[in-house]
Amino acid sequence: MPAITSLSLDGVHYSIRGREILRDLSLVAQPGEFLAIVGPNGCGKSTTLRLMAGLARADKGRILAGDTDLAKLSRKEISRRIALLTQAGQVPPNLSVYDLVSMGRFAHQTLLSRQSREDEALIADAMLAMHVQSLQARRVGELSGGQLQRARMAMTLAQDGGILLLDEPTTYLDLRFQFGILEKARELAHAGRTVIAVLHDFTQASLFADKVAVMNEGRLVALGRPNEVLTEDIVAEVFGVRTKVVHAHGAVFHVPEAVAK
Amino acid sequence: MRPVLLTVCPALLLIVLSVLHLRLGAAAMDFALIRDAFFAYDPTNYSHVIVIFQRLTRLAVAIYTGAALGVSGYLLQKIMQNGLVSPSTLGISAGATNFVILSVYFFGFAGVAQFVPALAGGMAAVLLTFGISHILKGQGDPRLNLVLAGSMVTTLFSAVTAFVVSLDADAFVNLIGWLIGNIGNFDYVSLAPMAPIGAVAMIAAVIASRAVDILVLGEDQAAAMGVNVRLAYGGTLLTAIVLAVSAVTVVGPIGFVGLVVPHIVRMISGEIGRMSLWLSMVGGAVVLTGADILARTAMAPRVLNVGTVMGFSGGMVFLILVLLAARRRGSVA
């Protein structure tokens, strides 16, 4: 098991060419917890994830893995602690699934080292966990969207970070695969990891996440259990749509008022 | 089994072509004579002198420059994810040629020292090409824009080159073959100092190969997996420019090797791993050795410029690639 820590943002400000993207953002995700970030387009969710993965530096404030400031770690040191699955990444079609998944081990290898026993074991585990072991010799270009996303997820798992970041992992996927990915994310969180995902579907967030952070215009609007946070008032404030909320089967459904019967 | 075959077969093909290269020419030599020239060299035997000092030296130049251009093109196409880029289509060759001509005209540079202006010219051309394609941003296919910018830069540099040559044509008489791209009889002299530079660049490419493989997944994804994106991209770009420029310094701007070879490699072994790097190296050597055999036999006893042969055959392949890219936008040509 990797060393697992919390991930926290502490008063983070971030701007690109003078335009403020994140304003005084503070947020903690604990080990064993699946945190979903929701918010309208352009609210800074993906940027938040980029900062959490150390891909950009905050102008002000700190980003901590446990009590270690990411700014003090090298690129590979960050990658050994934190794995990120980006949205719709490109994958060369000729690559085999096995080769793709094994790329996840890069941060644990030196420039000239070959794959170790440990690397091989973790690659096998990751493929097993995402049910892609039977596809390992297939070329990525031959996979369906759902299979490809599972293979990319396996690559992220092979990275073996205690903190797992997922940027809209279910976009473009059929319903069955959406549930498969999110169920896996929740399972990993409940097995002890810190999992943070940007999601755009409230119902999915309420079904799978332990906590939901609602963002708007670079700020945190609300943070808490799904049914405390995904309320009619907050949705109206953040998304500008009046909805009727329905709680059923452990999920929160929002139906636009204009079409609610 | 497959890796062994992929390692050995192209090498065998290169050996066969090399023997043909030594054998064929204005006068065909039989194998016994070639063997004697290697193992029982007789300086008074004119045929032996031709085999060693004309054909073998020429072969060495063809193998080195072909390999350097093949790997350079492979690296460029990989980091830019664009099947149309190469040392010639990005303007690197024209920039290097131009700076060399300027250095000869203004400072009387000669021989190996020409590598320095050539490198500066290659880098200046890439920067210009990037700059122009940035201006074209938002209009049309970005992959075609990059090559369009490259051809503008090539035209610009070639015009200046032609102008400088016209100022004092007599001074450049010895460089005419080099300007078209040619393997000359004395090119092996400048090959000697270029080969170590090329070897260092090749080692750098092998060391960076894993990081560059991951770069193909996109900058953010690669960085999140531990790749130093700037170092991997910048280092690979520099490696590719150094390889191309080292070839241009020896033989001039021979085009299309770096464009065509990576396509063949991708069909055989994909674009990931060190095997593809090896195939680009051997493939480049095979293509240029083959082109040189054609150059020396097609109109024998007249010897054509290799640059002409590559330009003609490679130009047609390039046209086909552009048409294919235009027909299926979105995927890498």
# chains A, B, ... in the order shown; residues from 1 in each chain; ligands from 1
>>> closest_atom_pairs(of="chain B", to="chain A", cutoff="9 Å", atoms="only C-alpha atoms", output="Markdown table")
| residue | atom | partner | partner_atom | distance |
| --- | --- | --- | --- | --- |
| B:Ile207 | CA | A:Leu111 | CA | 6.4 |
| B:Ala208 | CA | A:Leu111 | CA | 7.5 |
| B:Arg210 | CA | A:Leu111 | CA | 7.8 |
| B:Ala211 | CA | A:Phe106 | CA | 7.9 |
| B:Asp213 | CA | A:Met103 | CA | 8.5 |
| B:Ile214 | CA | A:Met103 | CA | 6.7 |
| B:Val216 | CA | A:Pro92 | CA | 6.9 |
| B:Leu217 | CA | A:Gln90 | CA | 5.2 |
| B:Gly218 | CA | A:Gln90 | CA | 6.0 |
| B:Asp220 | CA | A:Leu55 | CA | 7.0 |
| B:Gln221 | CA | A:Thr86 | CA | 5.9 |
| B:Ala223 | CA | A:Leu55 | CA | 6.8 |
| B:Ala224 | CA | A:Ser79 | CA | 5.9 |
| B:Met225 | CA | A:Ser79 | CA | 5.5 |
| B:Gly226 | CA | A:Lys76 | CA | 4.4 |
| B:Val227 | CA | A:Arg75 | CA | 7.2 |
| B:Asn228 | CA | A:Arg75 | CA | 6.8 |
| B:Arg266 | CA | A:Asn94 | CA | 8.2 |
| B:Met267 | CA | A:Asn94 | CA | 8.9 |
| B:Ser269 | CA | A:Asn94 | CA | 8.2 |
| B:Gly270 | CA | A:Asn94 | CA | 5.3 |
| B:Glu271 | CA | A:Asn94 | CA | 7.2 |
| B:Ile272 | CA | A:Leu95 | CA | 7.0 |
>>> residues_around(residues="B:Val242", least_positions_apart="3", cutoff="8 Å", atoms="only C-alpha atoms", output="list in words")
Leu119, Ile197, Gly198, Ala201, Leu238, Thr239, Val245 and Ser246 of chain B
>>> write_last_selection(atoms="C-alpha atoms", output="mmCIF file, in the first residue's frame")
data_model
loop_
_atom_site.group_PDB
_atom_site.id
_atom_site.type_symbol
_atom_site.label_atom_id
_atom_site.label_comp_id
_atom_site.auth_asym_id
_atom_site.auth_seq_id
_atom_site.Cartn_x
_atom_site.Cartn_y
_atom_site.Cartn_z
ATOM 1 C CA LEU B 119 23.096 24.839 -35.676
ATOM 2 C CA ILE B 197 28.211 14.777 -31.993
ATOM 3 C CA GLY B 198 25.579 12.570 -33.587
ATOM 4 C CA ALA B 201 22.619 13.057 -29.564
ATOM 5 C CA LEU B 238 17.370 20.126 -29.419
ATOM 6 C CA THR B 239 18.487 16.533 -30.030
ATOM 7 C CA VAL B 245 22.126 19.915 -38.621
ATOM 8 C CA SER B 246 25.048 17.486 -38.286
#
>>> residues_around(residues="stretch 192-202 of chain A", least_positions_apart="4", cutoff="8 Å", atoms="only C-alpha atoms", output="number ranges by chain")
A: 4-7, 29-40, 45-46, 49, 162-170, 185-186, 188, 206, 230, 252-254
>>> write_last_selection(atoms="N, CA and C atoms", output="CSV table (one decimal), in the first residue's frame")
chain,number,residue,atom,x,y,z
A,4,ILE,N,-0.4,7.0,2.5
A,4,ILE,CA,-1.6,7.8,2.2
A,4,ILE,C,-1.7,9.0,3.1
A,5,THR,N,-2.0,10.1,2.6
A,5,THR,CA,-2.1,11.3,3.4
A,5,THR,C,-3.4,12.1,2.9
A,6,SER,N,-3.7,13.1,3.7
A,6,SER,CA,-4.8,14.0,3.3
A,6,SER,C,-4.2,14.9,2.2
A,7,LEU,N,-5.1,15.6,1.5
A,7,LEU,CA,-4.7,16.6,0.6
A,7,LEU,C,-5.5,17.9,0.9
A,29,ALA,N,-9.3,17.1,1.9
A,29,ALA,CA,-9.9,15.7,1.6
A,29,ALA,C,-9.1,14.8,2.5
A,30,GLN,N,-9.8,13.9,3.3
A,30,GLN,CA,-9.1,13.0,4.2
A,30,GLN,C,-8.9,11.6,3.6
A,31,PRO,N,-8.0,10.9,4.1
A,31,PRO,CA,-7.8,9.5,3.6
A,31,PRO,C,-9.1,8.7,3.9
A,32,GLY,N,-9.5,7.8,3.0
A,32,GLY,CA,-10.8,7.1,3.3
A,32,GLY,C,-12.0,7.8,2.8
A,33,GLU,N,-11.8,8.9,2.1
A,33,GLU,CA,-12.9,9.8,1.7
A,33,GLU,C,-12.9,10.0,0.2
A,34,PHE,N,-14.1,10.0,-0.3
A,34,PHE,CA,-14.3,10.3,-1.7
A,34,PHE,C,-15.0,11.7,-1.8
A,35,LEU,N,-14.2,12.6,-2.2
A,35,LEU,CA,-14.7,14.0,-2.3
A,35,LEU,C,-15.0,14.3,-3.8
A,36,ALA,N,-16.2,14.8,-4.1
A,36,ALA,CA,-16.6,15.2,-5.4
A,36,ALA,C,-16.6,16.8,-5.5
A,37,ILE,N,-16.1,17.3,-6.5
A,37,ILE,CA,-16.1,18.8,-6.8
A,37,ILE,C,-17.1,19.0,-7.9
A,38,VAL,N,-18.1,19.8,-7.6
A,38,VAL,CA,-19.1,20.2,-8.7
A,38,VAL,C,-19.2,21.7,-8.8
A,39,GLY,N,-19.7,22.1,-10.0
A,39,GLY,CA,-19.8,23.6,-10.2
A,39,GLY,C,-20.0,23.8,-11.7
A,40,PRO,N,-20.5,25.0,-12.0
A,40,PRO,CA,-20.7,25.3,-13.5
A,40,PRO,C,-19.4,25.3,-14.3
A,45,LYS,N,-13.0,24.2,-11.4
A,45,LYS,CA,-12.8,22.8,-10.8
A,45,LYS,C,-11.6,22.2,-11.4
A,46,SER,N,-11.4,22.2,-12.7
A,46,SER,CA,-10.3,21.5,-13.3
A,46,SER,C,-9.0,22.2,-12.9
A,49,LEU,N,-8.0,20.9,-9.6
A,49,LEU,CA,-7.4,19.6,-9.7
A,49,LEU,C,-5.9,19.7,-10.2
A,162,GLY,N,-1.1,7.6,-3.1
A,162,GLY,CA,-2.1,7.5,-2.0
A,162,GLY,C,-3.3,8.4,-2.2
A,163,ILE,N,-3.0,9.4,-3.1
A,163,ILE,CA,-4.1,10.4,-3.4
A,163,ILE,C,-4.4,10.3,-4.9
A,164,LEU,N,-5.7,10.1,-5.2
A,164,LEU,CA,-6.1,9.9,-6.6
A,164,LEU,C,-7.0,11.0,-7.0
A,165,LEU,N,-6.7,11.7,-8.1
A,165,LEU,CA,-7.5,12.8,-8.6
A,165,LEU,C,-8.1,12.4,-10.0
A,166,LEU,N,-9.4,12.6,-10.1
A,166,LEU,CA,-10.0,12.2,-11.4
A,166,LEU,C,-10.8,13.4,-12.0
A,167,ASP,N,-10.4,13.8,-13.2
A,167,ASP,CA,-11.1,14.9,-13.8
A,167,ASP,C,-12.2,14.5,-14.8
A,168,GLU,N,-13.4,14.6,-14.3
A,168,GLU,CA,-14.6,14.2,-15.1
A,168,GLU,C,-14.3,12.8,-15.7
A,169,PRO,N,-14.2,11.8,-14.9
A,169,PRO,CA,-13.8,10.5,-15.4
A,169,PRO,C,-14.9,9.8,-16.1
A,170,THR,N,-16.1,10.3,-16.1
A,170,THR,CA,-17.2,9.5,-16.7
A,170,THR,C,-17.7,10.2,-18.0
A,185,ALA,N,-13.8,4.1,-7.8
A,185,ALA,CA,-13.2,5.2,-7.1
A,185,ALA,C,-13.7,5.2,-5.6
A,186,ARG,N,-15.0,4.9,-5.4
A,186,ARG,CA,-15.5,4.8,-4.0
A,186,ARG,C,-14.8,3.7,-3.3
A,188,LEU,N,-11.9,2.4,-3.8
A,188,LEU,CA,-10.5,2.8,-3.4
A,188,LEU,C,-10.5,3.7,-2.2
A,206,SER,N,-24.0,12.5,-5.6
A,206,SER,CA,-24.7,12.2,-4.3
A,206,SER,C,-24.7,10.7,-4.1
A,230,LEU,N,-26.3,19.6,-1.8
A,230,LEU,CA,-26.9,19.7,-3.1
A,230,LEU,C,-28.4,20.1,-2.9
A,252,VAL,N,-29.6,12.1,-4.7
A,252,VAL,CA,-30.3,13.4,-4.8
A,252,VAL,C,-30.6,13.7,-6.2
A,253,PHE,N,-31.8,13.9,-6.6
A,253,PHE,CA,-32.2,14.2,-8.0
A,253,PHE,C,-32.6,15.7,-8.0
A,254,HIS,N,-32.2,16.4,-9.1
A,254,HIS,CA,-32.7,17.8,-9.3
A,254,HIS,C,-33.4,17.8,-10.6
>>> select_by_dssp(residues="stretch 17-244 of chain A", states="helix (DSSP H, G or I)", output="PyMOL selection string")
chain A and resi 45-52+70-72+75-81+97-108+117-129+133-135+140-142+145-158+175-190+202-208+226-229+232-239
>>> select_by_dssp(residues="stretch 19-112 of chain A", states="strand (DSSP E)", output="list in words")
Arg19, Glu20, Ile21, Leu22, Arg23, Asp24, Leu25, Ser26, Leu27, Val28, Ala29, Phe34, Leu35, Ala36, Ile37, Val38, Lys60, Gly61, Arg62, Ile63, Leu64, Ala65, Thr68, Asp69, Ile82, Ala83, Leu84 and Leu85 of chain A
>>> residues_around(residues="stretch 145-154 of chain A", least_positions_apart="5", cutoff="9 Å", atoms="only C-alpha atoms", output="PyMOL selection string")
chain A and resi 85+88-89+97-98+100-101+104+123+125-132+135-136+140+159+166+169-170+172-174+176-178+180-181
>>> residues_around(residues="B:Met310", least_positions_apart="6", cutoff="9 Å", atoms="only C-alpha atoms", output="ChimeraX atom specification")
/B:254-257,287-288,291-292
>>> atom_distance(atom1="atom CA of B:Leu243", atom2="atom CA of B:Phe130")
19.3 Å
>>> closest_residue(among="B:Gly273, B:Gly131, B:Pro262, B:Gly283", to="B:Leu17", atoms="only C-alpha atoms")
B:Gly283
>>> residues_around(residues="A:Asp233", least_positions_apart="3", cutoff="12 Å", atoms="only C-alpha atoms", output="list in words")
Val221, Ala222, Glu228, Val229, Leu230, Ala236, Glu237, Val238, Phe239, Gly240, Val241, Arg242, Thr243, Lys244, Val245 and His254 of chain A
>>> residues_around(residues="B:Ala298", least_positions_apart="6", cutoff="12 Å", atoms="only C-alpha atoms", output="VMD selection string")
chain B and resid 24 to 26 290 to 292 304 to 306 308 to 309
>>> closest_residue(among="B:Ile52, B:Val286, B:Asn82, B:Gly184", to="B:Ala40", atoms="only C-alpha atoms")
B:Ile52
>>> decode(residues="stretch 164-210 of chain A", atoms="N, CA and C atoms", output="PDB file, in the first residue's frame")
ATOM      1  N   LEU A 164      -5.691  10.132  -5.187  1.00  0.00           N
ATOM      2  CA  LEU A 164      -6.113   9.889  -6.568  1.00  0.00           C
ATOM      3  C   LEU A 164      -7.027  11.023  -7.007  1.00  0.00           C
ATOM      4  N   LEU A 165      -6.663  11.696  -8.107  1.00  0.00           N
ATOM      5  CA  LEU A 165      -7.460  12.810  -8.620  1.00  0.00           C
ATOM      6  C   LEU A 165      -8.055  12.405  -9.969  1.00  0.00           C
ATOM      7  N   LEU A 166      -9.356  12.617 -10.146  1.00  0.00           N
ATOM      8  CA  LEU A 166     -10.017  12.219 -11.400  1.00  0.00           C
ATOM      9  C   LEU A 166     -10.762  13.415 -11.970  1.00  0.00           C
ATOM     10  N   ASP A 167     -10.422  13.788 -13.200  1.00  0.00           N
ATOM     11  CA  ASP A 167     -11.079  14.938 -13.816  1.00  0.00           C
ATOM     12  C   ASP A 167     -12.181  14.451 -14.750  1.00  0.00           C
ATOM     13  N   GLU A 168     -13.419  14.643 -14.338  1.00  0.00           N
ATOM     14  CA  GLU A 168     -14.589  14.178 -15.097  1.00  0.00           C
ATOM     15  C   GLU A 168     -14.348  12.795 -15.709  1.00  0.00           C
ATOM     16  N   PRO A 169     -14.160  11.798 -14.857  1.00  0.00           N
ATOM     17  CA  PRO A 169     -13.764  10.473 -15.376  1.00  0.00           C
ATOM     18  C   PRO A 169     -14.863   9.769 -16.143  1.00  0.00           C
ATOM     19  N   THR A 170     -16.106  10.255 -16.062  1.00  0.00           N
ATOM     20  CA  THR A 170     -17.198   9.508 -16.707  1.00  0.00           C
ATOM     21  C   THR A 170     -17.728  10.165 -17.973  1.00  0.00           C
ATOM     22  N   THR A 171     -17.130  11.305 -18.359  1.00  0.00           N
ATOM     23  CA  THR A 171     -17.601  11.989 -19.564  1.00  0.00           C
ATOM     24  C   THR A 171     -17.488  11.059 -20.770  1.00  0.00           C
ATOM     25  N   TYR A 172     -18.449  11.111 -21.628  1.00  0.00           N
ATOM     26  CA  TYR A 172     -18.497  10.330 -22.883  1.00  0.00           C
ATOM     27  C   TYR A 172     -18.655   8.830 -22.668  1.00  0.00           C
ATOM     28  N   LEU A 173     -18.903   8.396 -21.440  1.00  0.00           N
ATOM     29  CA  LEU A 173     -19.017   6.950 -21.234  1.00  0.00           C
ATOM     30  C   LEU A 173     -20.478   6.529 -21.149  1.00  0.00           C
ATOM     31  N   ASP A 174     -20.736   5.267 -21.554  1.00  0.00           N
ATOM     32  CA  ASP A 174     -22.070   4.702 -21.371  1.00  0.00           C
ATOM     33  C   ASP A 174     -22.330   4.545 -19.874  1.00  0.00           C
ATOM     34  N   LEU A 175     -23.599   4.518 -19.543  1.00  0.00           N
ATOM     35  CA  LEU A 175     -24.024   4.493 -18.145  1.00  0.00           C
ATOM     36  C   LEU A 175     -23.312   3.404 -17.337  1.00  0.00           C
ATOM     37  N   ARG A 176     -23.224   2.203 -17.920  1.00  0.00           N
ATOM     38  CA  ARG A 176     -22.640   1.062 -17.216  1.00  0.00           C
ATOM     39  C   ARG A 176     -21.194   1.358 -16.824  1.00  0.00           C
ATOM     40  N   PHE A 177     -20.442   1.975 -17.764  1.00  0.00           N
ATOM     41  CA  PHE A 177     -19.037   2.259 -17.493  1.00  0.00           C
ATOM     42  C   PHE A 177     -18.896   3.430 -16.527  1.00  0.00           C
ATOM     43  N   GLN A 178     -19.853   4.385 -16.610  1.00  0.00           N
ATOM     44  CA  GLN A 178     -19.825   5.491 -15.646  1.00  0.00           C
ATOM     45  C   GLN A 178     -19.897   4.934 -14.234  1.00  0.00           C
ATOM     46  N   PHE A 179     -20.855   4.024 -14.010  1.00  0.00           N
ATOM     47  CA  PHE A 179     -21.002   3.460 -12.680  1.00  0.00           C
ATOM     48  C   PHE A 179     -19.771   2.653 -12.295  1.00  0.00           C
ATOM     49  N   GLY A 180     -19.240   1.890 -13.260  1.00  0.00           N
ATOM     50  CA  GLY A 180     -18.064   1.060 -12.977  1.00  0.00           C
ATOM     51  C   GLY A 180     -16.898   1.889 -12.462  1.00  0.00           C
ATOM     52  N   ILE A 181     -16.631   3.010 -13.152  1.00  0.00           N
ATOM     53  CA  ILE A 181     -15.497   3.863 -12.772  1.00  0.00           C
ATOM     54  C   ILE A 181     -15.738   4.482 -11.391  1.00  0.00           C
ATOM     55  N   LEU A 182     -16.952   4.994 -11.179  1.00  0.00           N
ATOM     56  CA  LEU A 182     -17.224   5.679  -9.909  1.00  0.00           C
ATOM     57  C   LEU A 182     -17.256   4.702  -8.735  1.00  0.00           C
ATOM     58  N   GLU A 183     -17.776   3.509  -8.998  1.00  0.00           N
ATOM     59  CA  GLU A 183     -17.808   2.500  -7.952  1.00  0.00           C
ATOM     60  C   GLU A 183     -16.383   2.137  -7.530  1.00  0.00           C
ATOM     61  N   LYS A 184     -15.513   2.036  -8.552  1.00  0.00           N
ATOM     62  CA  LYS A 184     -14.109   1.733  -8.259  1.00  0.00           C
ATOM     63  C   LYS A 184     -13.481   2.858  -7.430  1.00  0.00           C
ATOM     64  N   ALA A 185     -13.799   4.094  -7.820  1.00  0.00           N
ATOM     65  CA  ALA A 185     -13.236   5.232  -7.103  1.00  0.00           C
ATOM     66  C   ALA A 185     -13.676   5.198  -5.640  1.00  0.00           C
ATOM     67  N   ARG A 186     -14.958   4.886  -5.415  1.00  0.00           N
ATOM     68  CA  ARG A 186     -15.451   4.838  -4.036  1.00  0.00           C
ATOM     69  C   ARG A 186     -14.802   3.686  -3.271  1.00  0.00           C
ATOM     70  N   GLU A 187     -14.664   2.543  -3.949  1.00  0.00           N
ATOM     71  CA  GLU A 187     -14.044   1.383  -3.323  1.00  0.00           C
ATOM     72  C   GLU A 187     -12.606   1.705  -2.890  1.00  0.00           C
ATOM     73  N   LEU A 188     -11.871   2.398  -3.761  1.00  0.00           N
ATOM     74  CA  LEU A 188     -10.486   2.767  -3.436  1.00  0.00           C
ATOM     75  C   LEU A 188     -10.454   3.708  -2.244  1.00  0.00           C
ATOM     76  N   ALA A 189     -11.399   4.636  -2.204  1.00  0.00           N
ATOM     77  CA  ALA A 189     -11.452   5.576  -1.084  1.00  0.00           C
ATOM     78  C   ALA A 189     -11.745   4.812   0.207  1.00  0.00           C
ATOM     79  N   HIS A 190     -12.716   3.916   0.145  1.00  0.00           N
ATOM     80  CA  HIS A 190     -13.089   3.209   1.367  1.00  0.00           C
ATOM     81  C   HIS A 190     -12.036   2.205   1.788  1.00  0.00           C
ATOM     82  N   ALA A 191     -11.136   1.838   0.857  1.00  0.00           N
ATOM     83  CA  ALA A 191     -10.006   0.989   1.226  1.00  0.00           C
ATOM     84  C   ALA A 191      -8.877   1.835   1.812  1.00  0.00           C
ATOM     85  N   GLY A 192      -9.075   3.151   1.885  1.00  0.00           N
ATOM     86  CA  GLY A 192      -8.101   3.977   2.599  1.00  0.00           C
ATOM     87  C   GLY A 192      -7.524   5.147   1.840  1.00  0.00           C
ATOM     88  N   ARG A 193      -7.668   5.186   0.508  1.00  0.00           N
ATOM     89  CA  ARG A 193      -7.044   6.293  -0.222  1.00  0.00           C
ATOM     90  C   ARG A 193      -7.838   7.583  -0.128  1.00  0.00           C
ATOM     91  N   THR A 194      -7.200   8.650  -0.546  1.00  0.00           N
ATOM     92  CA  THR A 194      -7.857   9.942  -0.646  1.00  0.00           C
ATOM     93  C   THR A 194      -8.245  10.119  -2.107  1.00  0.00           C
ATOM     94  N   VAL A 195      -9.537  10.203  -2.393  1.00  0.00           N
ATOM     95  CA  VAL A 195      -9.979  10.284  -3.789  1.00  0.00           C
ATOM     96  C   VAL A 195     -10.768  11.581  -4.010  1.00  0.00           C
ATOM     97  N   ILE A 196     -10.367  12.329  -5.015  1.00  0.00           N
ATOM     98  CA  ILE A 196     -11.062  13.574  -5.339  1.00  0.00           C
ATOM     99  C   ILE A 196     -11.413  13.533  -6.820  1.00  0.00           C
ATOM    100  N   ALA A 197     -12.690  13.766  -7.137  1.00  0.00           N
ATOM    101  CA  ALA A 197     -13.101  13.733  -8.543  1.00  0.00           C
ATOM    102  C   ALA A 197     -13.912  14.970  -8.889  1.00  0.00           C
ATOM    103  N   VAL A 198     -13.639  15.537 -10.048  1.00  0.00           N
ATOM    104  CA  VAL A 198     -14.511  16.582 -10.587  1.00  0.00           C
ATOM    105  C   VAL A 198     -15.638  15.864 -11.321  1.00  0.00           C
ATOM    106  N   LEU A 199     -16.875  16.155 -10.941  1.00  0.00           N
ATOM    107  CA  LEU A 199     -18.025  15.516 -11.583  1.00  0.00           C
ATOM    108  C   LEU A 199     -18.990  16.599 -12.013  1.00  0.00           C
ATOM    109  N   HIS A 200     -19.790  16.340 -13.047  1.00  0.00           N
ATOM    110  CA  HIS A 200     -20.782  17.355 -13.377  1.00  0.00           C
ATOM    111  C   HIS A 200     -22.208  16.888 -13.134  1.00  0.00           C
ATOM    112  N   ASP A 201     -22.327  15.655 -12.674  1.00  0.00           N
ATOM    113  CA  ASP A 201     -23.664  15.106 -12.473  1.00  0.00           C
ATOM    114  C   ASP A 201     -23.945  15.020 -10.967  1.00  0.00           C
ATOM    115  N   PHE A 202     -24.948  15.795 -10.498  1.00  0.00           N
ATOM    116  CA  PHE A 202     -25.266  15.806  -9.057  1.00  0.00           C
ATOM    117  C   PHE A 202     -25.667  14.437  -8.560  1.00  0.00           C
ATOM    118  N   THR A 203     -26.454  13.747  -9.377  1.00  0.00           N
ATOM    119  CA  THR A 203     -26.970  12.461  -8.942  1.00  0.00           C
ATOM    120  C   THR A 203     -25.814  11.495  -8.699  1.00  0.00           C
ATOM    121  N   GLN A 204     -24.866  11.485  -9.624  1.00  0.00           N
ATOM    122  CA  GLN A 204     -23.684  10.632  -9.453  1.00  0.00           C
ATOM    123  C   GLN A 204     -22.905  11.048  -8.211  1.00  0.00           C
ATOM    124  N   ALA A 205     -22.725  12.356  -8.047  1.00  0.00           N
ATOM    125  CA  ALA A 205     -21.980  12.849  -6.896  1.00  0.00           C
ATOM    126  C   ALA A 205     -22.668  12.396  -5.606  1.00  0.00           C
ATOM    127  N   SER A 206     -23.995  12.510  -5.580  1.00  0.00           N
ATOM    128  CA  SER A 206     -24.712  12.160  -4.346  1.00  0.00           C
ATOM    129  C   SER A 206     -24.680  10.660  -4.087  1.00  0.00           C
ATOM    130  N   LEU A 207     -24.637   9.868  -5.148  1.00  0.00           N
ATOM    131  CA  LEU A 207     -24.648   8.412  -4.993  1.00  0.00           C
ATOM    132  C   LEU A 207     -23.309   7.857  -4.531  1.00  0.00           C
ATOM    133  N   PHE A 208     -22.220   8.439  -5.063  1.00  0.00           N
ATOM    134  CA  PHE A 208     -20.920   7.806  -4.841  1.00  0.00           C
ATOM    135  C   PHE A 208     -19.999   8.555  -3.879  1.00  0.00           C
ATOM    136  N   ALA A 209     -20.140   9.889  -3.790  1.00  0.00           N
ATOM    137  CA  ALA A 209     -19.174  10.651  -2.996  1.00  0.00           C
ATOM    138  C   ALA A 209     -19.596  10.704  -1.531  1.00  0.00           C
ATOM    139  N   ASP A 210     -18.598  10.780  -0.646  1.00  0.00           N
ATOM    140  CA  ASP A 210     -18.878  10.959   0.775  1.00  0.00           C
ATOM    141  C   ASP A 210     -19.112  12.431   1.078  1.00  0.00           C
TER     142      ASP A 210
END
